[in-house]
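J.: This is target.tsv (TSV, C-alpha atoms).
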chain	number	residue	atom	x	y	z
A	15	MET	CA	23.58	0.81	-21.63
A	16	ALA	CA	24.86	-2.36	-23.24
A	17	GLY	CA	22.21	-5.05	-23.19
A	18	HIS	CA	19.32	-2.59	-23.44
A	19	SER	CA	17.36	-4.70	-25.89
A	20	LYS	CA	18.23	-7.94	-24.06
A	21	TRP	CA	16.82	-6.54	-20.81
A	22	ALA	CA	13.71	-5.24	-22.60
A	23	ASN	CA	13.16	-8.70	-24.07
A	24	ILE	CA	13.60	-10.35	-20.68
A	25	GLN	CA	11.01	-8.01	-19.18
A	26	HIS	CA	8.63	-8.89	-21.99
A	27	ARG	CA	9.18	-12.64	-21.66
A	28	LYS	CA	8.66	-12.45	-17.91
A	29	GLY	CA	5.26	-10.90	-18.57
A	30	ARG	CA	6.03	-7.77	-16.58
A	31	GLN	CA	4.94	-5.39	-19.33
A	32	ASP	CA	1.45	-6.90	-19.59
A	33	LYS	CA	1.10	-7.08	-15.83
A	34	LEU	CA	2.00	-3.41	-15.43
A	35	ARG	CA	0.18	-2.07	-18.49
A	36	ALA	CA	-2.73	-0.47	-16.61
A	37	LYS	CA	-0.35	0.94	-14.01
A	38	VAL	CA	1.92	2.33	-16.74
A	39	PHE	CA	-1.05	4.17	-18.26
A	40	SER	CA	-1.93	5.56	-14.83
A	41	LYS	CA	1.64	6.68	-14.11
A	42	MET	CA	1.97	8.30	-17.54
A	43	SER	CA	-1.33	10.12	-17.06
A	44	LYS	CA	-0.16	11.44	-13.70
A	45	GLU	CA	3.09	12.76	-15.21
A	46	ILE	CA	1.16	14.44	-18.05
A	47	THR	CA	-1.27	16.07	-15.62
A	48	VAL	CA	1.53	17.35	-13.37
A	49	ALA	CA	3.53	18.67	-16.36
A	50	ALA	CA	0.48	20.43	-17.79
A	51	LYS	CA	-0.42	21.91	-14.40
A	52	MET	CA	3.12	23.22	-13.82
A	53	GLY	CA	3.44	24.87	-17.23
A	54	ASP	CA	1.57	25.56	-20.45
A	55	PRO	CA	-1.07	22.94	-21.41
A	56	ASP	CA	0.18	23.11	-25.02
A	57	PRO	CA	2.92	20.47	-25.48
A	58	ASP	CA	4.62	22.64	-28.12
A	59	LYS	CA	5.16	25.36	-25.49
A	60	ASN	CA	5.95	23.06	-22.56
A	61	PRO	CA	9.04	20.82	-23.00
A	62	ARG	CA	8.27	18.62	-19.99
A	63	LEU	CA	4.71	18.04	-21.17
A	64	ARG	CA	5.88	17.35	-24.72
A	65	LEU	CA	8.31	14.70	-23.49
A	66	ALA	CA	5.65	13.18	-21.22
A	67	VAL	CA	3.17	12.95	-24.11
A	68	LYS	CA	5.85	11.50	-26.39
A	69	GLU	CA	6.80	8.85	-23.84
A	70	ALA	CA	3.13	8.00	-23.26
A	71	LYS	CA	2.60	7.47	-26.98
A	72	SER	CA	5.68	5.21	-27.09
A	73	VAL	CA	3.96	2.76	-24.74
A	74	SER	CA	0.65	3.01	-26.61
A	75	VAL	CA	-1.29	5.17	-24.16
A	76	PRO	CA	-4.49	6.05	-26.10
A	77	LYS	CA	-4.92	9.59	-27.40
A	78	ASP	CA	-8.12	10.13	-25.39
A	79	VAL	CA	-6.31	9.15	-22.15
A	80	ILE	CA	-3.58	11.70	-22.91
A	81	GLU	CA	-6.12	14.43	-23.70
A	82	ARG	CA	-8.08	13.63	-20.54
A	83	ALA	CA	-4.91	13.94	-18.44
A	84	ILE	CA	-4.16	17.39	-19.92
A	85	ASN	CA	-7.77	18.53	-19.51
A	86	LYS	CA	-7.70	17.41	-15.88
A	87	ALA	CA	-4.89	19.89	-15.22
A	88	THR	CA	-6.51	22.78	-17.07
A	89	GLY	CA	-9.89	22.07	-15.48
A	90	GLY	CA	-8.53	22.83	-12.03
A	91	ASP	CA	-9.62	19.54	-10.50
A	92	ALA	CA	-6.22	17.82	-10.55
A	93	GLU	CA	-4.77	16.53	-7.31
A	94	ASN	CA	-1.70	18.23	-5.89
A	95	TYR	CA	1.24	15.84	-6.15
A	96	ASP	CA	4.65	16.15	-4.53
A	97	GLU	CA	7.58	14.78	-6.50
A	98	ILE	CA	9.91	12.85	-4.17
A	99	ARG	CA	13.08	10.87	-4.76
A	100	TYR	CA	14.00	8.02	-2.43
A	101	GLU	CA	17.45	6.41	-2.36
A	102	GLY	CA	18.56	3.16	-0.83
A	103	TYR	CA	20.30	-0.17	-1.18
A	104	GLY	CA	18.79	-3.38	-2.46
A	105	PRO	CA	20.07	-6.95	-2.03
A	106	ASN	CA	23.85	-7.34	-2.41
A	107	GLY	CA	24.33	-3.60	-1.96
A	108	VAL	CA	22.81	-2.58	-5.31
A	109	ALA	CA	22.04	1.15	-5.41
A	110	VAL	CA	18.37	1.99	-6.00
A	111	ILE	CA	16.68	5.30	-6.87
A	112	VAL	CA	12.89	5.49	-6.59
A	113	GLU	CA	11.00	8.46	-8.04
A	114	ALA	CA	7.46	9.01	-6.80
A	115	MET	CA	4.54	11.38	-7.23
A	116	THR	CA	2.25	11.38	-4.23
A	117	ASP	CA	-0.60	13.23	-2.57
A	118	ASN	CA	0.38	11.71	0.78
A	119	LYS	CA	4.11	11.78	1.56
A	120	ASN	CA	3.77	9.87	4.83
A	121	ARG	CA	1.94	6.99	3.14
A	122	THR	CA	4.44	6.74	0.30
A	123	ALA	CA	7.52	6.95	2.55
A	124	SER	CA	6.12	4.24	4.81
A	125	THR	CA	5.32	1.93	1.89
A	126	VAL	CA	8.70	2.43	0.19
A	127	ARG	CA	10.60	1.89	3.43
A	128	SER	CA	8.63	-1.27	4.20
A	129	THR	CA	9.17	-2.63	0.68
A	130	PHE	CA	12.93	-2.17	0.96
A	131	SER	CA	13.00	-3.88	4.37
A	132	LYS	CA	10.90	-6.86	3.30
A	133	ASN	CA	13.05	-7.49	0.22
A	134	GLY	CA	16.56	-7.49	1.62
A	135	GLY	CA	17.29	-3.78	1.27
A	136	ASN	CA	17.24	-0.61	3.30
A	137	LEU	CA	16.12	2.93	2.58
A	138	GLY	CA	18.82	5.58	2.95
A	139	GLU	CA	18.97	9.36	3.12
A	140	THR	CA	18.69	11.53	0.01
A	141	GLY	CA	22.12	11.54	-1.59
A	142	SER	CA	23.15	8.18	-0.12
A	143	VAL	CA	23.41	6.56	-3.57
A	144	GLY	CA	22.78	9.50	-5.90
A	145	PHE	CA	26.51	10.00	-6.47
A	146	MET	CA	26.56	6.63	-8.28
A	147	PHE	CA	24.29	8.02	-11.02
A	148	ASP	CA	24.29	10.91	-13.50
A	149	ARG	CA	21.09	12.61	-14.63
A	150	LYS	CA	20.89	12.21	-18.41
A	151	GLY	CA	18.50	12.30	-21.33
A	152	GLN	CA	17.94	9.00	-23.15
A	153	ILE	CA	16.49	8.54	-26.63
A	154	VAL	CA	15.95	5.03	-28.00
A	155	TYR	CA	15.48	4.11	-31.66
A	156	PRO	CA	14.87	0.64	-33.10
A	157	ALA	CA	17.86	-0.95	-34.83
A	158	ASP	CA	16.22	-0.78	-38.26
A	159	VAL	CA	16.05	3.04	-38.26
A	160	GLY	CA	19.56	3.04	-39.74
A	161	ASP	CA	23.03	1.58	-39.42
A	162	GLU	CA	25.34	2.49	-36.56
A	163	ASP	CA	27.25	5.16	-38.52
A	164	THR	CA	24.08	6.88	-39.73
A	165	VAL	CA	22.63	7.09	-36.23
A	166	MET	CA	25.97	8.16	-34.77
A	167	MET	CA	26.29	11.06	-37.24
A	168	ALA	CA	22.70	12.17	-36.61
A	169	ALA	CA	23.29	12.04	-32.85
A	170	ILE	CA	26.52	14.05	-33.04
A	171	GLU	CA	24.86	16.72	-35.19
A	172	ALA	CA	21.93	16.85	-32.75
A	173	GLY	CA	24.29	17.49	-29.82
A	174	ALA	CA	24.20	14.08	-28.12
A	175	GLU	CA	27.02	12.82	-25.89
A	176	ASP	CA	27.06	9.10	-26.65
A	177	VAL	CA	25.46	6.37	-28.78
A	178	GLN	CA	25.44	2.66	-28.03
A	179	SER	CA	24.05	0.34	-30.67
A	180	ASP	CA	23.31	-3.38	-30.59
A	181	GLU	CA	21.15	-5.79	-32.56
A	182	GLY	CA	17.97	-4.49	-30.93
A	183	ALA	CA	18.29	-0.74	-30.54
A	184	HIS	CA	20.26	2.48	-30.76
A	185	VAL	CA	20.46	4.16	-27.33
A	186	ILE	CA	21.41	7.84	-27.49
A	187	ILE	CA	22.53	9.71	-24.38
A	188	CYS	CA	22.59	13.50	-23.94
A	189	ALA	CA	22.77	16.08	-21.15
A	190	ASP	CA	19.52	16.20	-19.20
A	191	THR	CA	19.03	19.88	-20.05
A	192	ASP	CA	19.44	19.16	-23.77
A	193	LEU	CA	16.89	16.34	-24.06
A	194	ASN	CA	14.11	18.36	-25.70
A	195	GLU	CA	16.44	20.00	-28.20
A	196	VAL	CA	18.33	16.81	-29.08
A	197	SER	CA	15.15	14.74	-29.41
A	198	ASN	CA	13.59	17.34	-31.73
A	199	ALA	CA	16.70	17.36	-33.94
A	200	LEU	CA	16.81	13.56	-34.08
A	201	GLU	CA	13.10	13.34	-34.85
A	202	ALA	CA	13.61	15.61	-37.87
A	203	GLU	CA	16.42	13.34	-39.08
A	204	LEU	CA	15.35	9.82	-38.02
A	205	GLY	CA	11.62	10.08	-37.32
A	206	GLU	CA	9.73	9.24	-34.13
A	207	SER	CA	11.77	7.60	-31.38
A	208	GLU	CA	10.78	4.49	-29.44
A	209	SER	CA	11.38	6.30	-26.15
A	210	THR	CA	12.49	9.74	-24.99
A	211	LYS	CA	12.95	10.40	-21.29
A	212	LEU	CA	15.16	11.54	-18.44
A	213	ILE	CA	17.05	8.74	-16.73
A	214	TRP	CA	19.51	8.08	-13.92
A	215	LYS	CA	22.56	6.59	-15.66
A	216	PRO	CA	24.84	4.58	-13.35
A	217	ASN	CA	28.48	5.66	-13.21
A	218	LEU	CA	29.31	2.82	-10.78
A	219	SER	CA	27.90	-0.70	-11.12
A	220	THR	CA	27.33	-3.63	-8.78
A	221	GLU	CA	27.81	-7.13	-10.22
A	222	LEU	CA	25.06	-9.66	-9.49
A	223	ASP	CA	24.78	-13.43	-9.82
A	224	LEU	CA	21.48	-15.16	-10.58
A	225	GLU	CA	20.38	-15.33	-6.95
A	226	GLY	CA	21.15	-11.64	-6.43
A	227	LEU	CA	19.36	-10.60	-9.62
A	228	THR	CA	16.29	-12.64	-8.68
A	229	LYS	CA	16.12	-10.97	-5.25
A	230	LEU	CA	16.66	-7.51	-6.75
A	231	MET	CA	13.91	-7.91	-9.33
A	232	LYS	CA	11.47	-8.96	-6.61
A	233	LEU	CA	12.21	-5.63	-4.90
A	234	VAL	CA	11.90	-3.68	-8.17
A	235	ASP	CA	8.64	-5.42	-9.11
A	236	THR	CA	7.08	-4.69	-5.72
A	237	LEU	CA	8.12	-1.03	-5.83
A	238	GLU	CA	6.79	-0.60	-9.39
A	239	GLU	CA	3.44	-2.05	-8.38
A	240	ASP	CA	2.89	0.89	-6.00
A	241	ASP	CA	0.63	3.53	-7.56
A	242	ASP	CA	2.76	6.36	-6.14
A	243	VAL	CA	6.01	5.11	-7.70
A	244	GLN	CA	6.85	6.46	-11.15
A	245	THR	CA	10.28	4.95	-11.85
A	246	VAL	CA	12.79	2.60	-10.24
A	247	THR	CA	16.45	2.67	-11.30
A	248	THR	CA	19.27	0.40	-10.14
A	249	ASN	CA	22.99	0.14	-10.85
A	250	PHE	CA	23.15	-3.65	-11.19
A	251	GLU	CA	25.32	-5.35	-13.78
A	252	ALA	CA	25.10	-9.01	-14.79
A	253	SER	CA	26.76	-11.26	-17.32
A	254	ASP	CA	24.89	-12.47	-20.40
A	255	GLU	CA	24.81	-15.94	-18.84
A	256	VAL	CA	23.09	-14.61	-15.71
A	257	MET	CA	20.64	-12.53	-17.76
A	258	ASP	CA	19.75	-15.55	-19.90
A	259	ALA	CA	19.36	-17.77	-16.84
A	260	PHE	CA	17.05	-15.21	-15.23
A	261	ALA	CA	14.97	-14.90	-18.40
A	262	ASN	CA	14.45	-18.65	-18.44
A	263	SER	CA	13.81	-19.04	-14.72
If you convert what's in this file into structure tokens, what do you get?
T.:
Amino acid sequence: MAGHSKWANIQHRKGRQDKLRAKVFSKMSKEITVAAKMGDPDPDKNPRLRLAVKEAKSVSVPKDVIERAINKATGGDAENYDEIRYEGYGPNGVAVIVEAMTDNKNRTASTVRSTFSKNGGNLGETGSVGFMFDRKGQIVYPADVGDEDTVMMAAIEAGAEDVQSDEGAHVIICADTDLNEVSNALEAELGESESTKLIWKPNLSTELDLEGLTKLMKLVDTLEEDDDVQTVTTNFEASDEVMDAFANS
């Protein structure tokens, strides 16, 4: 997870966060509604819903939007969404995992497949790239929450597996099944996190130059613009020089 804060800053400088703000709110609302519909509408009794609400708050989703999403589930008028994972290869053979929530699987599959094809990639079968990733929990704290040793000790006591700190953030990794428990323990010790969510953590990486990174991000951007797509994860790796060049391009 080295370079977490650098990549976050690049995304911000490229204007992607502002561009996707409305879509982020929509995607978060969908996740909250699905989580509330699948379990208890009380976040304290529903770990998935609690994490969804927490993540929504971390990106400044308004309280009334969160409440409306929960009420939509309990009111019985929520759409039925299927959760689907797509796997494929982007430019230069980069592995890509796309997670979607859709009320029309044929539409979403067609759009995702077309997006891969038009951007130098190809959609594969389920499992075609999944072995290059591990399902993990990720909790991010700002650097000023404490020094590296303080955060490391708190993470170990909470049951985390790994901590990587840089000048911008502390990124804490835990088993996917432990995310709720670890995040609660860390919150008691360090306060509210910047982000708490399940991720696909690459265990194999593909190195990219500037041209490859530019092509890959065009694919990622296009996928993320689709209303049915919740998350896009890749296993690319790039040098600081390439990252800086991309940020300034």
J.: Tell me, as a PyMOL selection string, which residues lie within 9 Å of A:Ser43, counting all atoms listed in the file; anything in the same chain fewer than 4 positions away does not count.
T.: chain A and resi 38-39+47-48+66-67+70+75+79-80+82-84
J.: Go through stretch 100-168 of chain A residue by residue and, counting all atoms listed in the file, keep those with an atom at most 9 Å from stretch 248-262 of chain A; for each kept residue give the shortest atom pair and its distance in Å to one decimal, ordered by chain and increasing number, as a Markdown table.
T.:
| residue | atom | partner | partner_atom | distance |
| --- | --- | --- | --- | --- |
| A:Gly104 | CA | A:Thr248 | CA | 8.6 |
| A:Val108 | CA | A:Phe250 | CA | 6.0 |
| A:Ala109 | CA | A:Thr248 | CA | 5.5 |
| A:Val110 | CA | A:Thr248 | CA | 4.5 |
| A:Ile111 | CA | A:Thr248 | CA | 6.4 |
| A:Val112 | CA | A:Thr248 | CA | 8.9 |
| A:Met146 | CA | A:Asn249 | CA | 7.8 |
| A:Phe147 | CA | A:Asn249 | CA | 8.0 |
J.: Restricting the calculation to only C-alpha atoms, which member of A:Leu137, A:Leu204, A:Val126, A:Leu233 is positioned closest to A:Gly160?
T.: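 Selected residue with least distance to A:Gly160: A:Leu204.
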J.: Separation of atom CA of A:Thr164 and atom CA of A:Lys68, in Å?
T.: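 Computing the Euclidean distance for atom CA of A:Thr164 and atom CA of A:Lys68 yields 23.1 Å.
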J.: Name the closest residue to A:Pro76 among the candidates A:Glu206, A:Leu218, A:Ser40, A:Glu101; distances are taken between atoms, counting all atoms listed in the file.
T.: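 The shortest atom-to-atom distance to A:Pro76 comes from A:Ser40.
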J.: In terms of the shortest atom-to-atom distance over all atoms listed in the file, which of A:Thr247, A:Thr88, A:Thr236, A:Ser197 is closest to A:Ile213?
T.: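 Under the stated criterion, the closest residue is A:Thr247.
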J.: Work out how far apart atom CA of A:Glu162 and atom CA of A:Ser179 are and give it in Å to one decimal.
T.: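 Calculated distance between atom CA of A:Glu162 and atom CA of A:Ser179 is 6.4 Å.
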J.: To one decimal in Å, tell me the separation between atom CA of A:Leu224 and atom CA of A:Ala183.
T.: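 Computing it gives 24.8 Å between the two atoms.
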J.: For A:Tyr155, work out the shell of residues within 12 Å, counting all atoms listed in the file and skipping chain neighbours fewer than 5 positions away, then give it as an MDAnalysis selection string.
T.: chainID A and resid 18:19 72 160:162 165:166 168:169 177:187 197 200:201 203:210
J.: Looking at A:Arg99, A:Arg62, A:Lys44, A:Lys51, which one is nearest to A:Trp214, with distances taken over only C-alpha atoms?
T.: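 The shortest atom-to-atom distance to A:Trp214 comes from A:Arg99.
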